[in-house]
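Below is structure-v6.tsv, which holds TSV, C-alpha atoms.
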```tsv
chain	number	residue	atom	x	y	z
A	1	MET	CA	140.66	-21.51	109.36
A	2	SER	CA	137.83	-22.77	111.52
A	3	VAL	CA	137.99	-25.89	113.70
A	4	ARG	CA	134.80	-27.39	115.12
A	5	LYS	CA	134.88	-30.34	117.50
A	6	ALA	CA	132.55	-33.05	118.72
A	7	ARG	CA	133.19	-36.05	120.92
A	8	ALA	CA	131.84	-39.58	120.92
A	9	VAL	CA	131.90	-41.88	123.94
A	10	TRP	CA	130.90	-45.54	123.51
A	11	GLN	CA	130.31	-48.30	126.04
A	12	GLY	CA	129.84	-51.96	125.14
A	13	THR	CA	129.82	-53.97	121.95
A	14	GLY	CA	128.91	-52.64	118.52
A	15	LYS	CA	125.45	-54.19	118.45
A	16	ASP	CA	124.46	-53.96	122.10
A	17	GLY	CA	126.51	-50.98	123.23
A	18	THR	CA	125.48	-47.34	123.45
A	19	GLY	CA	127.17	-44.05	122.84
A	20	GLN	CA	126.78	-40.35	123.45
A	21	LEU	CA	127.74	-37.47	121.17
A	22	THR	CA	128.64	-34.04	122.51
A	23	SER	CA	129.58	-30.95	120.50
A	24	ASP	CA	131.48	-27.90	121.71
A	25	SER	CA	128.50	-25.68	120.86
A	26	GLY	CA	126.31	-27.70	123.23
A	27	VAL	CA	123.72	-28.46	120.53
A	28	LEU	CA	124.65	-32.10	121.04
A	29	SER	CA	125.00	-32.83	124.74
A	30	SER	CA	125.34	-36.51	125.60
A	31	THR	CA	122.97	-37.19	122.69
A	32	PRO	CA	122.40	-40.95	122.50
A	33	TYR	CA	123.36	-43.07	119.51
A	34	SER	CA	123.56	-46.82	119.08
A	35	PHE	CA	122.99	-49.69	116.67
A	36	LYS	CA	119.26	-49.29	117.31
A	37	THR	CA	119.28	-45.54	116.53
A	38	ARG	CA	121.25	-46.26	113.37
A	39	PHE	CA	119.53	-49.33	111.96
A	40	GLU	CA	116.20	-49.44	113.80
A	41	ASP	CA	113.85	-46.75	115.11
A	42	GLU	CA	115.10	-46.15	118.62
A	43	LYS	CA	115.10	-42.51	119.76
A	44	GLY	CA	118.49	-40.85	119.33
A	45	THR	CA	120.68	-39.89	116.43
A	46	ASN	CA	123.20	-41.59	114.17
A	47	PRO	CA	126.16	-40.57	112.01
A	48	GLU	CA	124.16	-40.59	108.76
A	49	GLU	CA	121.47	-38.31	110.19
A	50	LEU	CA	124.13	-35.88	111.38
A	51	ILE	CA	125.84	-35.97	107.98
A	52	ALA	CA	122.48	-35.34	106.30
A	53	ALA	CA	121.88	-32.33	108.56
A	54	ALA	CA	125.38	-31.03	107.86
A	55	HIS	CA	124.96	-31.45	104.09
A	56	ALA	CA	121.50	-29.84	104.00
A	57	GLY	CA	122.69	-26.92	106.12
A	58	CYS	CA	125.95	-26.41	104.24
A	59	PHE	CA	124.34	-26.58	100.79
A	60	THR	CA	121.48	-24.25	101.75
A	61	MET	CA	123.86	-21.65	103.18
A	62	ALA	CA	126.12	-21.95	100.11
A	63	LEU	CA	123.11	-21.35	97.87
A	64	ALA	CA	122.10	-18.30	99.90
A	65	PHE	CA	125.59	-16.88	99.28
A	66	GLN	CA	125.42	-17.78	95.56
A	67	LEU	CA	122.05	-16.01	95.26
A	68	GLN	CA	123.29	-12.99	97.21
A	69	GLY	CA	126.35	-12.71	94.97
A	70	ALA	CA	124.09	-12.74	91.91
A	71	GLY	CA	121.81	-10.05	93.37
A	72	PHE	CA	118.90	-12.22	94.54
A	73	THR	CA	117.34	-12.53	97.99
A	74	PRO	CA	115.48	-15.78	98.65
A	75	THR	CA	112.22	-15.71	100.54
A	76	GLU	CA	112.84	-19.30	101.63
A	77	LEU	CA	115.24	-22.14	100.86
A	78	SER	CA	114.20	-25.53	102.25
A	79	THR	CA	116.53	-28.49	101.72
A	80	GLU	CA	116.31	-32.12	102.71
A	81	ALA	CA	119.38	-34.34	102.43
A	82	ALA	CA	118.79	-38.09	102.31
A	83	VAL	CA	122.01	-39.96	103.06
A	84	THR	CA	122.14	-43.60	101.92
A	85	LEU	CA	124.17	-46.10	103.90
A	86	GLU	CA	124.71	-49.38	102.07
A	87	LYS	CA	126.61	-52.62	102.50
A	88	ASP	CA	130.20	-52.52	101.22
A	89	GLY	CA	131.94	-55.88	101.57
A	90	PRO	CA	132.15	-56.72	105.26
A	91	GLY	CA	131.25	-53.14	106.25
A	92	PHE	CA	129.20	-50.20	105.06
A	93	LYS	CA	129.69	-47.02	103.06
A	94	ILE	CA	127.80	-43.80	102.49
A	95	ALA	CA	126.89	-44.21	98.84
A	96	LYS	CA	124.76	-41.17	98.17
A	97	SER	CA	123.44	-37.88	99.45
A	98	ALA	CA	120.27	-36.80	97.67
A	99	LEU	CA	119.48	-33.12	98.11
A	100	THR	CA	115.89	-32.01	97.60
A	101	LEU	CA	115.50	-28.24	97.47
A	102	ARG	CA	112.32	-26.21	97.43
A	103	ALA	CA	113.04	-22.53	96.91
A	104	GLN	CA	111.18	-19.26	96.79
A	105	VAL	CA	113.39	-16.68	95.05
A	106	PRO	CA	111.70	-13.59	93.62
A	107	ASN	CA	112.71	-12.31	90.17
A	108	ILE	CA	115.00	-15.19	89.18
A	109	ASP	CA	114.62	-17.27	86.02
A	110	LYS	CA	114.89	-21.06	86.08
A	111	ALA	CA	118.18	-21.21	84.15
A	112	LYS	CA	119.95	-18.82	86.54
A	113	PHE	CA	118.45	-20.61	89.55
A	114	ASP	CA	119.66	-23.99	88.28
A	115	GLU	CA	123.14	-22.59	87.59
A	116	LEU	CA	123.46	-21.16	91.11
A	117	ALA	CA	122.02	-24.30	92.76
A	118	LYS	CA	124.51	-26.49	90.89
A	119	ALA	CA	127.40	-24.22	91.92
A	120	ALA	CA	126.25	-24.41	95.55
A	121	LYS	CA	125.99	-28.22	95.39
A	122	GLU	CA	129.51	-28.54	93.99
A	123	GLY	CA	131.07	-25.79	96.11
A	124	CYS	CA	129.69	-26.49	99.56
A	125	PRO	CA	132.47	-27.79	101.84
A	126	VAL	CA	130.40	-30.81	102.96
A	127	SER	CA	129.80	-31.81	99.31
A	128	LYS	CA	133.56	-31.68	98.78
A	129	LEU	CA	134.00	-34.06	101.72
A	130	PHE	CA	131.89	-36.84	100.20
A	131	ASN	CA	133.28	-39.68	98.15
A	132	ALA	CA	129.75	-40.52	97.04
A	133	GLU	CA	127.16	-39.57	94.46
A	134	ILE	CA	125.42	-36.27	95.20
A	135	THR	CA	122.15	-35.54	93.44
A	136	LEU	CA	120.05	-32.38	93.46
A	137	ASP	CA	116.34	-32.06	92.77
A	138	ALA	CA	115.74	-28.29	92.84
A	139	THR	CA	112.31	-26.74	92.48
A	140	LEU	CA	111.75	-23.04	92.13
A	141	GLY	CA	108.22	-22.22	93.09
```
Spit out the file's structure as structure tokens when you get a sec.
Amino acid sequence: MSVRKARAVWQGTGKDGTGQLTSDSGVLSSTPYSFKTRFEDEKGTNPEELIAAAHAGCFTMALAFQLQGAGFTPTELSTEAAVTLEKDGPGFKIAKSALTLRAQVPNIDKAKFDELAKAAKEGCPVSKLFNAEITLDATLG
């Protein structure tokens, strides 16, 4: 079992306050986040962006393992995850994560590619975490 940790520190109110995120790996080190980084265009990150990065990374790695297990070696797998945050009563919810994959995989047919991409989408640990719709637009080029 693997345990990964990150910490959030917040000062002030929800709308006017600011926070910093730090991960044990050091990739995030007092990285700023706030209402303005979440709902406006201020420089910094936000939970949805981090979830999108986690989902894109997890799915892409899962697909690489699916392809490897089936005897294929991708030249490149490029995935964007678009996480949708929407109003839910008095609060918000993550309603969707839309994965867009562009792949270069020599010697694979479209049906096998689609099968493996679907398995990766459903099997990636971050996908399993979501209680939201997950879509996949996969292009083999």
Rounded to one decimal, what separation in Å do you get between atom CA of A:Ala82 and atom CA of A:Phe130?
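Interatomic distance, atom CA of A:Ala82 to atom CA of A:Phe130: 13.3 Å.
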Tell me, as a list in words, which residues lie within 7 Å of A:Glu133, counting all atoms listed in the file; anything in the same chain fewer than 4 positions away does not count.
Ala95, Lys96 and Ser97 of chain A
With distances taken over only C-alpha atoms, which residue among A:Ala120, A:Met1, A:Ile94, A:Val9 lies nearest A:Thr31?
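Of all the options, A:Val9 lies closest to A:Thr31.
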With all atoms listed in the file as the basis for distance, which of A:Asp16, A:Asp24, A:Asp137, A:Glu76 is at the shortest distance from A:Met61?
A:Glu76
So that all listed atoms of stretch 98-106 of chain A fit with 5 Å spare on each side, what axis-aligned box centre and edge lengths in Å, to one decimal, would you give as lines of an AutoDock Vina configuration file?
```
center_x = 115.7
center_y = -25.2
center_z = 95.9
size_x = 19.1
size_y = 33.2
size_z = 14.5
```
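Distance annotation: of A:Ala117, A:Glu49, A:Leu21, A:Lys43, the residue with the minimal separation from A:Leu67 is A:Ala117; atom set is all atoms listed in the file.
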Quote the spacing between atom CA of A:Ser30 and atom CA of A:Pro125 in Å to one decimal place.
26.3 Å
Spatial neighbours of A:Phe35, max dist 12 Å, only C-alpha atoms, sep filter under 4 positions, as a CSV table (one decimal) with C-alpha atoms, keeping the file's coordinate frame:
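The resulting part.csv:
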```
chain,number,residue,atom,x,y,z
A,10,TRP,CA,130.9,-45.5,123.5
A,11,GLN,CA,130.3,-48.3,126.0
A,12,GLY,CA,129.8,-52.0,125.1
A,13,THR,CA,129.8,-54.0,122.0
A,14,GLY,CA,128.9,-52.6,118.5
A,15,LYS,CA,125.4,-54.2,118.4
A,16,ASP,CA,124.5,-54.0,122.1
A,17,GLY,CA,126.5,-51.0,123.2
A,18,THR,CA,125.5,-47.3,123.4
A,19,GLY,CA,127.2,-44.0,122.8
A,39,PHE,CA,119.5,-49.3,112.0
A,40,GLU,CA,116.2,-49.4,113.8
A,41,ASP,CA,113.8,-46.8,115.1
A,42,GLU,CA,115.1,-46.2,118.6
A,43,LYS,CA,115.1,-42.5,119.8
A,44,GLY,CA,118.5,-40.8,119.3
A,45,THR,CA,120.7,-39.9,116.4
A,46,ASN,CA,123.2,-41.6,114.2
A,47,PRO,CA,126.2,-40.6,112.0
```
What gap, in Å, lies between atom CA of A:Gly123 and atom CA of A:Leu63?
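A separation of 9.3 Å between them.
If only C-alpha atoms are the atoms counted, then among A:Thr84, A:Ser34, A:Thr22, A:Thr79 the closest residue to A:Lys121 is A:Thr79.
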Go through A:Leu136, A:Leu116, A:Leu129, A:Ala8 and flag the residue nearest A:Gly71, using all atoms listed in the file for the distances.
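Closest to A:Gly71, using all atoms listed in the file: A:Leu116.
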Which residue, A:Glu115, A:Lys5, A:Lys87, A:Thr135, has the smallest gap to A:Ser23 when you use only C-alpha atoms?
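When distances to A:Ser23 are compared using only C-alpha atoms, the smallest one comes from A:Lys5.
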If we count all atoms listed in the file, what is near stretch 99-106 of chain A at a cut-off of 8 Å, once residues fewer than 4 positions away on the same chain are taken out, given as a CSV table (one decimal) with C-alpha atoms, in the coordinates of the input?
```csv
chain,number,residue,atom,x,y,z
A,56,ALA,CA,121.5,-29.8,104.0
A,72,PHE,CA,118.9,-12.2,94.5
A,73,THR,CA,117.3,-12.5,98.0
A,74,PRO,CA,115.5,-15.8,98.6
A,75,THR,CA,112.2,-15.7,100.5
A,76,GLU,CA,112.8,-19.3,101.6
A,77,LEU,CA,115.2,-22.1,100.9
A,78,SER,CA,114.2,-25.5,102.2
A,79,THR,CA,116.5,-28.5,101.7
A,80,GLU,CA,116.3,-32.1,102.7
A,81,ALA,CA,119.4,-34.3,102.4
A,82,ALA,CA,118.8,-38.1,102.3
A,134,ILE,CA,125.4,-36.3,95.2
A,135,THR,CA,122.2,-35.5,93.4
A,136,LEU,CA,120.0,-32.4,93.5
A,137,ASP,CA,116.3,-32.1,92.8
A,138,ALA,CA,115.7,-28.3,92.8
A,139,THR,CA,112.3,-26.7,92.5
A,140,LEU,CA,111.8,-23.0,92.1
A,141,GLY,CA,108.2,-22.2,93.1
```
